[in-house]
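Q: My structure is stored as target03.csv, with CSV, C-alpha atoms.
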```csv
chain,number,residue,atom,x,y,z
S,1,MET,CA,-14.1,-15.1,-44.6
S,2,PRO,CA,-16.6,-12.8,-42.8
S,3,THR,CA,-18.4,-14.5,-39.9
S,4,PRO,CA,-22.1,-13.6,-39.2
S,5,ASN,CA,-22.5,-12.4,-35.7
S,6,ALA,CA,-25.4,-11.9,-33.3
S,7,THR,CA,-25.0,-8.1,-33.8
S,8,GLY,CA,-26.4,-8.5,-37.4
S,9,ARG,CA,-23.0,-7.5,-38.8
S,10,GLU,CA,-20.3,-9.6,-40.4
S,11,TYR,CA,-16.7,-9.6,-39.1
S,12,ASP,CA,-13.6,-11.0,-40.7
S,13,LEU,CA,-12.2,-12.8,-37.7
S,14,SER,CA,-10.1,-15.2,-39.9
S,15,LEU,CA,-11.1,-18.1,-37.7
S,16,VAL,CA,-11.2,-21.7,-39.0
S,17,PHE,CA,-14.2,-23.7,-37.8
S,18,GLY,CA,-14.4,-27.4,-37.1
S,19,THR,CA,-15.0,-29.9,-34.4
S,20,VAL,CA,-13.1,-30.3,-31.2
S,21,ALA,CA,-11.7,-33.5,-32.5
S,22,GLU,CA,-10.4,-31.7,-35.5
S,23,GLY,CA,-8.9,-29.0,-33.3
S,24,GLN,CA,-7.1,-31.5,-31.1
S,25,ALA,CA,-5.8,-33.3,-34.2
S,26,PHE,CA,-4.3,-29.9,-35.2
S,27,VAL,CA,-1.8,-30.1,-32.2
S,28,GLY,CA,1.8,-29.9,-33.5
S,29,HIS,CA,0.8,-27.9,-36.6
S,30,ARG,CA,3.2,-25.0,-37.5
S,31,THR,CA,2.5,-21.9,-39.5
S,32,GLY,CA,5.8,-21.7,-41.3
S,33,ARG,CA,7.8,-18.5,-40.9
S,34,ARG,CA,5.9,-15.4,-42.1
S,35,ALA,CA,7.4,-11.9,-42.2
S,36,ALA,CA,5.6,-8.8,-40.9
S,37,ILE,CA,4.3,-6.5,-43.7
S,38,SER,CA,6.7,-3.8,-42.8
S,39,PRO,CA,9.7,-3.2,-40.5
S,40,VAL,CA,9.2,-1.7,-37.1
S,41,THR,CA,8.5,2.0,-37.5
S,42,GLU,CA,9.3,5.0,-35.2
S,43,ARG,CA,5.7,6.2,-35.6
S,44,THR,CA,4.3,2.9,-34.2
S,45,VAL,CA,6.8,2.9,-31.3
S,46,THR,CA,6.2,6.5,-30.3
S,47,LEU,CA,2.4,6.4,-30.8
S,48,PHE,CA,2.1,3.2,-28.7
S,49,SER,CA,4.3,4.8,-26.0
S,50,ALA,CA,2.2,7.9,-26.1
S,51,LEU,CA,-1.0,5.9,-25.6
S,52,LEU,CA,0.6,4.2,-22.6
S,53,ARG,CA,2.0,7.6,-21.4
S,54,ASP,CA,5.4,5.9,-21.3
S,55,GLY,CA,8.2,8.4,-21.5
S,56,ASN,CA,11.1,5.9,-21.7
S,57,PRO,CA,13.7,7.8,-23.6
S,58,LEU,CA,14.9,4.6,-25.3
S,59,TYR,CA,11.6,4.5,-27.2
S,60,TRP,CA,11.4,8.3,-27.9
S,61,ASN,CA,15.1,9.0,-28.8
S,62,ASP,CA,17.0,5.8,-29.4
S,63,GLY,CA,15.0,3.8,-31.8
S,64,ILE,CA,14.2,1.0,-29.3
S,65,CYS,CA,10.9,-0.8,-29.6
S,66,PRO,CA,8.9,-1.5,-26.4
S,67,PRO,CA,9.0,-5.3,-25.8
S,68,SER,CA,5.2,-5.1,-25.3
S,69,LEU,CA,4.8,-4.5,-29.0
S,70,LEU,CA,6.1,-8.0,-29.8
S,71,LEU,CA,2.6,-9.6,-30.4
S,72,SER,CA,1.7,-6.8,-32.8
S,73,PHE,CA,4.2,-8.1,-35.4
S,74,ASP,CA,1.8,-11.0,-36.1
S,75,PHE,CA,-1.0,-8.7,-37.3
S,76,ARG,CA,-1.6,-8.1,-41.0
S,77,TYR,CA,-2.8,-5.2,-43.2
S,78,PRO,CA,-6.4,-5.5,-44.4
S,79,TRP,CA,-5.2,-5.0,-48.0
S,80,HIS,CA,-2.0,-4.6,-50.0
S,81,PRO,CA,-1.4,-3.6,-53.6
S,82,ASP,CA,1.0,-6.5,-54.2
S,83,PRO,CA,-1.1,-9.7,-54.5
S,84,ALA,CA,2.0,-11.7,-53.7
S,85,VAL,CA,2.0,-10.3,-50.1
S,86,ASP,CA,0.6,-12.9,-47.7
S,87,LEU,CA,-2.2,-11.2,-45.8
S,88,ARG,CA,-3.2,-14.2,-43.8
S,89,PRO,CA,-3.0,-13.6,-40.0
S,90,THR,CA,0.0,-15.2,-38.5
S,91,ARG,CA,-1.7,-15.9,-35.2
S,92,ILE,CA,-1.8,-19.7,-35.3
S,93,PHE,CA,-4.6,-19.9,-32.8
S,94,ARG,CA,-6.9,-18.6,-35.6
S,95,GLU,CA,-6.1,-21.6,-37.7
S,96,VAL,CA,-7.2,-24.2,-35.2
S,97,PRO,CA,-10.5,-25.7,-36.4
S,98,LEU,CA,-12.9,-25.4,-33.5
S,99,PRO,CA,-16.6,-24.6,-33.0
S,100,GLY,CA,-16.2,-21.3,-31.0
S,101,HIS,CA,-16.9,-17.9,-32.6
S,102,TYR,CA,-15.2,-15.8,-29.9
S,103,ILE,CA,-11.8,-15.5,-28.4
S,104,VAL,CA,-10.4,-14.1,-25.2
S,105,ASN,CA,-6.7,-14.3,-24.2
S,106,VAL,CA,-5.9,-15.9,-20.9
S,107,GLU,CA,-2.1,-16.2,-20.4
S,108,THR,CA,1.1,-15.1,-22.0
S,109,ASP,CA,4.8,-16.0,-21.3
S,110,SER,CA,7.1,-13.8,-23.3
S,111,ARG,CA,10.9,-14.2,-23.3
S,112,TYR,CA,13.2,-11.7,-24.9
S,113,LEU,CA,16.7,-12.4,-26.1
S,114,ARG,CA,17.6,-8.9,-27.3
S,115,ARG,CA,15.9,-5.5,-27.8
S,116,ILE,CA,13.8,-5.0,-30.9
S,117,ARG,CA,14.7,-1.9,-32.8
S,118,VAL,CA,13.1,0.5,-35.3
S,119,GLY,CA,13.9,-1.0,-38.7
S,120,ASP,CA,13.8,-4.6,-37.6
S,121,LEU,CA,11.8,-6.7,-40.0
S,122,VAL,CA,10.3,-9.3,-37.7
S,123,SER,CA,9.2,-12.8,-38.8
S,124,SER,CA,7.2,-15.2,-36.7
S,125,GLU,CA,6.4,-18.9,-36.7
S,126,GLY,CA,3.8,-20.5,-34.5
S,127,GLU,CA,3.1,-24.0,-33.3
S,128,VAL,CA,0.0,-25.4,-31.6
S,129,GLU,CA,1.0,-27.1,-28.3
S,130,SER,CA,-2.3,-28.3,-27.1
S,131,VAL,CA,-6.1,-28.0,-27.4
S,132,SER,CA,-8.1,-28.7,-24.3
S,133,ASP,CA,-11.2,-30.8,-24.0
S,134,THR,CA,-14.4,-28.6,-23.9
S,135,LYS,CA,-14.6,-26.5,-20.7
S,136,THR,CA,-17.3,-24.2,-19.3
S,137,THR,CA,-16.3,-20.8,-17.9
S,138,ARG,CA,-18.0,-17.6,-16.9
S,139,LEU,CA,-18.0,-16.4,-20.6
S,140,GLY,CA,-19.2,-19.6,-22.2
S,141,VAL,CA,-18.3,-23.1,-23.4
S,142,GLY,CA,-15.2,-23.7,-25.4
S,143,ASN,CA,-11.6,-24.8,-25.6
S,144,PHE,CA,-8.2,-23.5,-24.4
S,145,ILE,CA,-5.6,-23.3,-27.1
S,146,HIS,CA,-1.9,-23.4,-26.0
S,147,SER,CA,0.5,-22.2,-28.7
S,148,THR,CA,4.1,-20.9,-28.9
S,149,THR,CA,5.3,-18.3,-31.4
S,150,SER,CA,9.0,-17.6,-32.1
S,151,TYR,CA,10.0,-14.2,-33.5
S,152,TYR,CA,13.1,-13.6,-35.7
S,153,ASP,CA,14.9,-10.7,-37.2
S,154,ALA,CA,15.7,-10.4,-40.9
S,155,THR,CA,18.9,-12.4,-40.4
S,156,GLY,CA,17.1,-15.2,-38.8
S,157,GLU,CA,18.3,-14.4,-35.3
S,158,LEU,CA,15.8,-15.4,-32.6
S,159,LEU,CA,14.5,-12.2,-30.9
S,160,ALA,CA,11.8,-13.6,-28.6
S,161,THR,CA,9.3,-16.3,-27.9
S,162,ASN,CA,5.7,-16.1,-26.6
S,163,THR,CA,3.7,-18.9,-25.2
S,164,ASN,CA,0.0,-18.1,-25.3
S,165,VAL,CA,-3.1,-19.6,-23.8
S,166,LEU,CA,-6.4,-18.4,-25.3
S,167,PHE,CA,-10.0,-19.4,-24.8
S,168,ARG,CA,-12.1,-20.0,-27.9
S,169,TYR,CA,-15.7,-20.2,-27.1
S,170,ASP,CA,-19.4,-19.7,-27.7
S,171,ARG,CA,-21.9,-18.4,-25.2
S,172,HIS,CA,-24.1,-21.0,-23.5
S,173,GLU,CA,-24.5,-24.0,-25.8
S,174,PRO,CA,-21.6,-25.0,-28.1
S,175,ALA,CA,-22.2,-23.8,-31.6
S,176,GLN,CA,-22.3,-26.3,-34.5
S,177,ALA,CA,-19.1,-26.3,-36.6
S,178,GLU,CA,-19.7,-24.4,-39.8
S,179,GLY,CA,-20.7,-26.6,-42.7
S,180,GLN,CA,-22.0,-29.3,-40.5
Z,1,MET,CA,-2.2,10.1,-13.1
Z,2,THR,CA,1.5,9.4,-13.7
Z,3,ALA,CA,3.3,12.0,-15.8
Z,4,PRO,CA,5.1,10.6,-18.8
Z,5,GLY,CA,8.2,8.7,-17.6
Z,6,ASP,CA,8.1,10.3,-14.2
Z,7,THR,CA,7.7,8.2,-11.1
Z,8,GLY,CA,8.7,11.2,-8.9
Z,9,THR,CA,11.7,9.2,-7.6
Z,10,ALA,CA,15.1,8.1,-8.9
Z,11,PRO,CA,15.2,4.6,-10.3
Z,12,LEU,CA,15.8,1.8,-7.8
Z,13,SER,CA,19.1,0.0,-8.1
Z,14,LEU,CA,19.6,-3.8,-7.5
Z,15,THR,CA,21.1,-3.1,-4.2
Z,16,ALA,CA,18.0,-1.1,-3.1
Z,17,LEU,CA,15.8,-4.1,-3.8
Z,18,ALA,CA,15.0,-6.9,-1.3
Z,19,PRO,CA,12.6,-9.9,-1.5
Z,20,GLY,CA,9.2,-9.0,-0.1
Z,21,GLN,CA,9.7,-5.3,-0.7
Z,22,ILE,CA,6.5,-3.5,-1.6
Z,23,LEU,CA,7.0,-1.1,-4.6
Z,24,PRO,CA,5.1,2.2,-5.2
Z,25,ASP,CA,1.8,2.1,-6.9
Z,26,GLN,CA,1.1,3.7,-10.3
Z,27,HIS,CA,-2.4,5.0,-11.2
Z,28,GLU,CA,-3.6,4.8,-14.8
Z,29,TYR,CA,-6.8,5.5,-16.7
Z,30,ILE,CA,-7.9,3.9,-20.0
Z,31,SER,CA,-10.6,5.7,-22.0
Z,32,PHE,CA,-12.8,4.2,-24.7
Z,33,ALA,CA,-10.9,6.3,-27.3
Z,34,ALA,CA,-7.5,5.1,-26.1
Z,35,ILE,CA,-8.6,1.5,-26.4
Z,36,CYS,CA,-9.6,2.2,-30.0
Z,37,GLN,CA,-6.3,4.1,-30.7
Z,38,LEU,CA,-4.4,1.1,-29.3
Z,39,THR,CA,-6.3,-1.1,-31.6
Z,40,ALA,CA,-5.3,1.0,-34.6
Z,41,THR,CA,-1.7,1.4,-33.5
Z,42,SER,CA,-1.1,-2.3,-32.8
Z,43,GLY,CA,-3.2,-3.7,-35.6
Z,44,ASP,CA,-5.1,-5.9,-33.3
Z,45,TRP,CA,-8.5,-5.5,-35.0
Z,46,TYR,CA,-10.4,-8.1,-32.9
Z,47,PRO,CA,-13.8,-6.4,-32.8
Z,48,GLY,CA,-14.2,-6.8,-29.0
Z,49,HIS,CA,-11.5,-4.1,-28.8
Z,50,TYR,CA,-13.5,-1.4,-30.7
Z,51,ASP,CA,-17.2,-2.5,-31.2
Z,52,PRO,CA,-19.4,-2.5,-28.1
Z,53,ASP,CA,-22.1,-4.5,-29.9
Z,54,PHE,CA,-19.6,-7.2,-30.7
Z,55,ALA,CA,-18.2,-7.2,-27.2
Z,56,ARG,CA,-21.7,-7.6,-25.8
Z,57,SER,CA,-22.4,-10.5,-28.2
Z,58,GLN,CA,-19.5,-12.3,-26.6
Z,59,GLY,CA,-20.6,-11.7,-23.1
Z,60,GLN,CA,-18.7,-8.6,-22.2
Z,61,PRO,CA,-20.4,-5.4,-21.1
Z,62,THR,CA,-18.4,-3.2,-23.6
Z,63,ILE,CA,-15.1,-3.1,-25.4
Z,64,PHE,CA,-12.1,-4.4,-23.5
Z,65,VAL,CA,-8.4,-3.7,-23.6
Z,66,SER,CA,-6.0,-5.8,-25.5
Z,67,THR,CA,-3.2,-8.0,-24.2
Z,68,LEU,CA,-0.7,-5.6,-25.7
Z,69,TYR,CA,-2.0,-2.8,-23.4
Z,70,PHE,CA,-1.4,-5.0,-20.3
Z,71,HIS,CA,2.1,-5.9,-21.5
Z,72,GLY,CA,2.8,-2.3,-22.0
Z,73,LEU,CA,1.5,-1.2,-18.7
Z,74,ILE,CA,3.4,-3.9,-16.8
Z,75,ASP,CA,6.7,-3.1,-18.6
Z,76,LYS,CA,6.2,0.6,-18.0
Z,77,TYR,CA,5.7,0.0,-14.3
Z,78,VAL,CA,9.0,-2.0,-14.1
Z,79,THR,CA,11.1,0.4,-16.2
Z,80,ASP,CA,9.7,3.5,-14.5
Z,81,LEU,CA,10.8,2.0,-11.2
Z,82,LEU,CA,14.1,0.4,-12.1
Z,83,GLY,CA,15.2,2.8,-14.9
Z,84,PRO,CA,14.7,3.1,-18.6
Z,85,GLU,CA,17.7,0.9,-19.4
Z,86,THR,CA,16.1,-2.1,-17.7
Z,87,PHE,CA,15.7,-5.0,-20.0
Z,88,VAL,CA,12.6,-7.0,-19.7
Z,89,ALA,CA,13.9,-10.5,-20.2
Z,90,ARG,CA,10.7,-12.4,-19.3
Z,91,ARG,CA,7.1,-11.4,-18.6
Z,92,ARG,CA,4.6,-14.1,-17.4
Z,93,MET,CA,1.1,-12.7,-17.3
Z,94,ARG,CA,-2.3,-14.1,-16.5
Z,95,MET,CA,-5.6,-12.4,-17.3
Z,96,HIS,CA,-8.2,-13.4,-14.8
Z,97,SER,CA,-10.9,-11.1,-16.2
Z,98,SER,CA,-11.2,-8.3,-18.8
Z,99,VAL,CA,-10.7,-4.5,-18.2
Z,100,TYR,CA,-13.2,-2.3,-19.9
Z,101,ALA,CA,-13.3,1.2,-21.3
Z,102,ASP,CA,-13.1,4.1,-18.9
Z,103,ALA,CA,-11.3,2.0,-16.2
Z,104,GLN,CA,-9.2,3.4,-13.4
Z,105,LEU,CA,-6.3,1.1,-12.8
Z,106,THR,CA,-3.8,0.8,-10.0
Z,107,VAL,CA,-0.6,-1.0,-10.8
Z,108,CYS,CA,1.0,-2.6,-7.8
Z,109,GLY,CA,4.3,-4.4,-7.4
Z,110,SER,CA,6.6,-6.2,-5.0
Z,111,VAL,CA,10.0,-7.8,-5.2
Z,112,ILE,CA,10.1,-11.6,-5.5
Z,113,GLY,CA,13.8,-12.0,-5.8
Z,114,VAL,CA,17.1,-10.4,-6.5
Z,115,ASP,CA,20.2,-12.0,-8.2
Z,116,PRO,CA,23.0,-9.5,-8.1
Z,117,ALA,CA,25.4,-11.8,-9.9
Z,118,ALA,CA,23.1,-12.1,-12.8
Z,119,GLY,CA,22.0,-8.4,-12.6
Z,120,GLN,CA,18.4,-9.6,-12.4
Z,121,ALA,CA,15.4,-8.8,-10.3
Z,122,THR,CA,12.1,-10.6,-10.4
Z,123,ILE,CA,9.1,-8.4,-9.8
Z,124,ALA,CA,5.5,-9.3,-9.1
Z,125,VAL,CA,3.0,-6.9,-10.8
Z,126,GLU,CA,-0.7,-6.8,-10.2
Z,127,LEU,CA,-3.4,-4.6,-11.8
Z,128,GLU,CA,-6.3,-3.6,-9.6
Z,129,CYS,CA,-9.6,-2.3,-10.9
Z,130,ASN,CA,-12.9,-1.9,-9.0
Z,131,GLY,CA,-11.6,-3.9,-6.1
Z,132,LYS,CA,-10.6,-6.9,-8.3
Z,133,LYS,CA,-7.2,-8.0,-9.7
Z,134,PRO,CA,-7.9,-8.7,-13.4
Z,135,VAL,CA,-4.2,-9.2,-14.3
Z,136,THR,CA,-1.2,-10.6,-12.4
Z,137,ALA,CA,2.3,-10.9,-13.8
Z,138,GLU,CA,5.8,-11.8,-13.0
Z,139,VAL,CA,8.7,-9.9,-14.7
Z,140,THR,CA,12.3,-10.9,-14.8
Z,141,ALA,CA,14.2,-7.7,-15.3
Z,142,GLU,CA,17.9,-7.2,-16.1
Z,143,LEU,CA,19.4,-4.0,-14.7
Z,144,PRO,CA,22.5,-2.3,-16.0
Z,145,ILE,CA,25.7,-3.2,-14.2
Z,146,GLU,CA,28.9,-1.4,-14.9
Z,147,GLY,CA,31.1,-3.6,-17.1
Z,148,ARG,CA,28.3,-5.9,-18.1
Z,149,ALA,CA,26.4,-5.8,-21.3
Z,150,GLY,CA,23.4,-7.7,-20.1
Z,151,ALA,CA,20.9,-4.9,-19.8
Z,152,GLN,CA,22.3,-3.3,-23.0
Z,153,ARG,CA,21.1,-6.2,-25.2
```
Give the structure from this file in C-alpha cells form.
A:
Amino acid sequence: MPTPNATGREYDLSLVFGTVAEGQAFVGHRTGRRAAISPVTERTVTLFSALLRDGNPLYWNDGICPPSLLLSFDFRYPWHPDPAVDLRPTRIFREVPLPGHYIVNVETDSRYLRRIRVGDLVSSEGEVESVSDTKTTRLGVGNFIHSTTSYYDATGELLATNTNVLFRYDRHEPAQAEGQ
Amino acid sequence: MTAPGDTGTAPLSLTALAPGQILPDQHEYISFAAICQLTATSGDWYPGHYDPDFARSQGQPTIFVSTLYFHGLIDKYVTDLLGPETFVARRRMRMHSSVYADAQLTVCGSVIGVDPAAGQATIAVELECNGKKPVTAEVTAELPIEGRAGAQR
C-alpha cells in the first residue's frame, strides 16, 4: 500500500505498521519459502558486473552469479500478468509491524555453501530473530530488526544464508502507528 | 580507476599471504546514474536509492548506494587480489554510515589469517570515503588448491 511521504509523493514501501510491542511480538515469525519470479539470468549477472567494473571471467563467460547478488533474489516485480504469482516482497523485515517509515541497513553476515549459477531458481525463507527496544541514532528514533534469510535452489538445496540487521526509524519524534 | 578485472598484478596465492599483511588499495567511483542503474539491475527499488527528495526526507543529503553494491565491491576486491576462482564462503559487513552519489571510494584490505589446510584466507576490507570509513567487512575466502574441490563449489 502506498505510504504518504514528506516529499508530497506516495511510495509503495510495502512496510507493515504497528507498535513496538507488536513488532517485538513478531519475533520468531517466518515468511514461508517464496521463489524468485524468474531464474538467475545472464543479463542480470553481466550488467551487475559491468556496473561494478568487475571483469571476473566466471561471471562473463562461465555462467556463475556474483555472490553479491544474493539479496536481489528477494525482490519482486511491480506487476505480473499471472495473478497467481506472489508479488509480495520476501524481505521479512518489511512485514514487522513497527512505527518507522524509513529503513537503512546496518549489518549483513552472508554465508555461501556453493556458487549460484545462471538458471538457478532461488527461493528464500526469512525469520525475525529479534526487534530491539526503541533507540535513538544520528538518523532518528526507531528499532533494529535482526532477521535471517535462507536461500535454496529449485531442488531445495541450501545455497546460502544471510543474517541482517536493519534500522527502521522516523526522524526526530517517533511517528504514531498507522490507524492509531 | 581500476580497469575491469585488472589489478595490475598476478593473483596472490595462499603461500603469499601472512597475517597482518597490508593488501593493495583499489580506487572506485560511484556516480548518481550508476546508483540508479544498480537499483534497476538488482530490483532494490527502495526510493532512497533513486529519489533525492525521498532520501532527504529520511535525513540523508541525497541518494545512497545499496547494500548489494558494497557486497559487490568487497567481493571484487577479494577476487581481484586472490584470483577469479576464489570462493567467497562468508562475508560479514557493517555499514557505519551511508555512501552517496558521486563518491570517490578507496577499498583497503589486510590479511587477518591464513589456514593452508583448509585452503582459506580471512581478509579485512574497509571502504574509505572523504576521510571516513563507512563500511568495514571481513571475508572468508577459499582459494583453489590442486586436488581439492573447495574453491570449485
Q: Between chain Z and chain S, at 9 Å or less, what are the per-residue closest atom pairs and their distances in Å? Count only C-alpha atoms, order by chain and rising residue number, and return it as CSV.
A:
```
residue,atom,partner,partner_atom,distance
Z:Thr2,CA,S:Arg53,CA,7.9
Z:Ala3,CA,S:Arg53,CA,7.2
Z:Pro4,CA,S:Gly55,CA,4.7
Z:Gly5,CA,S:Gly55,CA,3.9
Z:Asp6,CA,S:Gly55,CA,7.5
Z:Glu28,CA,S:Leu52,CA,8.9
Z:Ile30,CA,S:Leu52,CA,8.9
Z:Ala34,CA,S:Leu51,CA,6.6
Z:Ile35,CA,S:Leu51,CA,8.8
Z:Gln37,CA,S:Leu51,CA,7.6
Z:Leu38,CA,S:Phe48,CA,6.9
Z:Thr41,CA,S:Thr44,CA,6.2
Z:Ser42,CA,S:Ser72,CA,5.3
Z:Gly43,CA,S:Phe75,CA,5.7
Z:Asp44,CA,S:Phe75,CA,6.4
Z:Trp45,CA,S:Phe75,CA,8.5
Z:Tyr46,CA,S:Leu13,CA,7.0
Z:Pro47,CA,S:Tyr11,CA,7.6
Z:Asp53,CA,S:Thr7,CA,6.0
Z:Phe54,CA,S:Thr7,CA,6.3
Z:Arg56,CA,S:Thr7,CA,8.7
Z:Ser57,CA,S:Ala6,CA,6.1
Z:Gln58,CA,S:Tyr102,CA,6.5
Z:Gly59,CA,S:Leu139,CA,5.9
Z:Gln60,CA,S:Leu139,CA,8.0
Z:Ser66,CA,S:Asn105,CA,8.6
Z:Thr67,CA,S:Asn105,CA,7.2
Z:Leu68,CA,S:Ser68,CA,5.9
Z:Tyr69,CA,S:Leu52,CA,7.5
Z:Phe70,CA,S:Ser68,CA,8.3
Z:His71,CA,S:Ser68,CA,5.0
Z:Gly72,CA,S:Ser68,CA,4.9
Z:Leu73,CA,S:Leu52,CA,6.7
Z:Ile74,CA,S:Ser68,CA,8.8
Z:Asp75,CA,S:Ser68,CA,7.2
Z:Lys76,CA,S:Asp54,CA,6.3
Z:Thr79,CA,S:Asn56,CA,7.8
Z:Asp80,CA,S:Asn56,CA,7.7
Z:Gly83,CA,S:Asn56,CA,8.5
Z:Pro84,CA,S:Asn56,CA,5.5
Z:Glu85,CA,S:Leu58,CA,7.5
Z:Phe87,CA,S:Arg115,CA,7.8
Z:Val88,CA,S:Tyr112,CA,7.0
Z:Ala89,CA,S:Tyr112,CA,4.9
Z:Arg90,CA,S:Arg111,CA,4.4
Z:Arg91,CA,S:Ser110,CA,5.3
Z:Arg92,CA,S:Asp109,CA,4.3
Z:Met93,CA,S:Thr108,CA,5.3
Z:Arg94,CA,S:Glu107,CA,4.4
Z:Met95,CA,S:Val106,CA,5.0
Z:His96,CA,S:Val106,CA,7.0
Z:Ser97,CA,S:Val106,CA,8.4
Z:Ser98,CA,S:Val104,CA,8.7
Z:Gln152,CA,S:Arg115,CA,8.3
Z:Arg153,CA,S:Arg114,CA,4.9
```
Q: At what distance in Å, to one decimal, does atom CA of S:Arg91 lie from atom CA of Z:Ser31?
A: 26.8 Å
Q: Rounded to one decimal, what separation in Å do you get between atom CA of S:Ala154 and atom CA of S:Ala35?
A: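 Distance between the two atoms: 8.5 Å.
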Q: Find the residue from S:Thr137, S:Gln24, S:Thr19, S:Thr155 that sits nearest to S:Ser123; use only C-alpha atoms when measuring.
A: S:Thr155
Q: Taking all atoms listed in the file into account, name the residue in S:Gly18, S:Gly100, S:Gly28, S:Gly63 that is nearest to S:Thr148.
A: S:Gly28
Q: What does the structure give for the distance between atom CA of Z:Ile112 and atom CA of Z:Pro134, in Å to one decimal?
A: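 For atom CA of Z:Ile112 relative to atom CA of Z:Pro134, the distance reads 19.9 Å.
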Q: Excluding same-chain residues fewer than 3 positions from S:Arg34, what lies within 10 Å of it counting only C-alpha atoms, as JSON, numbers by chain?
A: {"S": [31, 37, 74, 86, 87, 88, 89, 90, 122, 123, 124, 125, 126, 151, 152]}
Q: Find the residues near stretch 122-133 of chain Z: any atom within 7 Å, counting all atoms listed in the file, skip ones fewer than 4 places away on the same chain, and give them as JSON, numbers by chain.
A: {"Z": [74, 104, 105, 106, 107, 108, 109, 110, 111, 112, 113, 114, 137, 138, 139, 140, 141]}
Q: Excluding same-chain residues fewer than 6 positions from Z:Leu14, what lies within 8 Å of it counting only C-alpha atoms, as a list in words?
A: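 What passes the distance filter is Val114, Pro116, Gly119, Gln120, Ala121 and Leu143 of chain Z.
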